[in-house]
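Q: Right, I'll just put the structure down here and ask away after.
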Amino acid sequence: MSPRLPNAATWSDLLTCHLNLLRRLSHLLMPPLLTLPLLTAPAPAVAAPATDADINFYTTLSGWNICIARSNGVEFNTAVRISAETIAAAIQGKHQGLVQQAGPKALDPEQILQASANQAVLAASQFCPKEVPADIMKRVQEALNRSGDKTAPASKPAATPAAKPAATPAAKPAAAAPAAKP
């Protein structure tokens with residue numbers, strides 16, 4: 001036996017009754033319904049600042065990027081620009097311009113681009129000094145000398161302990177003994 005469908009008058013009465021009820025309760029229903037999208041919307045993600053490890057990773061990539069581009073005949077300034085823009089885009093996109101070393105305020109894209117270019121050139125001067133033009137290598141060396149690093153990035157020797165003057169004659173053999181060990 002099939003269910004009995006209400007006649008048209010019953011449907012219209014039912015609809016009218018529901019509409020009247022909604023009108024009477026609208027002041028109670030509307031605020032929660034209007035705020036529902038705000039409550040269900042995902043919160044914007046707060047980007048973590050680029051750490052020292054992140055910056056070292058990006059610098060290594062950018063340096064090798066320049067080396068590879070140069071070995072394939074790309075002009076140096078073009079290679080630096082492409083590498084720096086790639087790294088700047090990564091810092092902007094992943095970290096929203098935040099760099100741990102720079103503090104809590106996001107860097108503007110131009111600052112990030114300039115720093116990325118400088119880091120990329122320094123890395124390339126270490127990884128592939130023959131691919132870096134001589135005048136650029138000279139400027140890198142001058143900058144390192146001003147900062148207190150007297151050795152070229154590509155030819156940096158392994159660190160050796162500095163000899164300390166002995167205060168007394170008895171202390172002199174003791175100071176020399178650790179240097180003799182392999």
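Here, A, B, ... name the chains of the structure tokens in the order displayed, residue numbers run from 1 inside each chain, and ligands are numbered from 1 in the same displayed order.
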Would you pick out the contacts of region 128-133 of chain A at 8 Å or less, using only C-alpha atoms, so that residues sharing its chain but fewer than 6 positions from it are not included, and give the list as a list in words?

A: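 The filter keeps Cys67, Arg70, Ser71, Phe76 and Ala154 of chain A.
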
Q: Would you list the contacts of region 111-126 of chain A as number ranges by chain, taking every protein, DNA or RNA residue within 7 Å and counting only C-alpha atoms, but skipping same-chain residues closer than 6 positions in sequence?

A: A: 59-60, 62-64, 66-67, 80-81, 84-85, 87-88, 132, 137, 140, 153-154

Q: Tell me which of A:Asp52, A:Pro109, A:Val74, A:Lys138 sits closest to Gly93 (chain A), counting only C-alpha atoms.

A: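 Of A:Asp52, A:Pro109, A:Val74, A:Lys138, the one nearest Gly93 (chain A) is A:Pro109, counting only C-alpha atoms.
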
Q: Set the distance at 8 Å and use only C-alpha atoms: which residues neighbour region 94-105 of chain A once local chain neighbours fewer than 5 positions away are removed? I'd like the list as a list in words.

A: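 The contact residues come out as Ala47, Ala48, Pro49, Ala50, Thr51, Asp52 and Ile112 of chain A.
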
Q: Tell me which of A:Ile68, A:Asn77, A:Ile55, A:Ala106 sits closest to Ala90 (chain A), counting only C-alpha atoms.

A: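 Ranking A:Ile68, A:Asn77, A:Ile55, A:Ala106 by distance to Ala90 (chain A), first place goes to A:Ile55.
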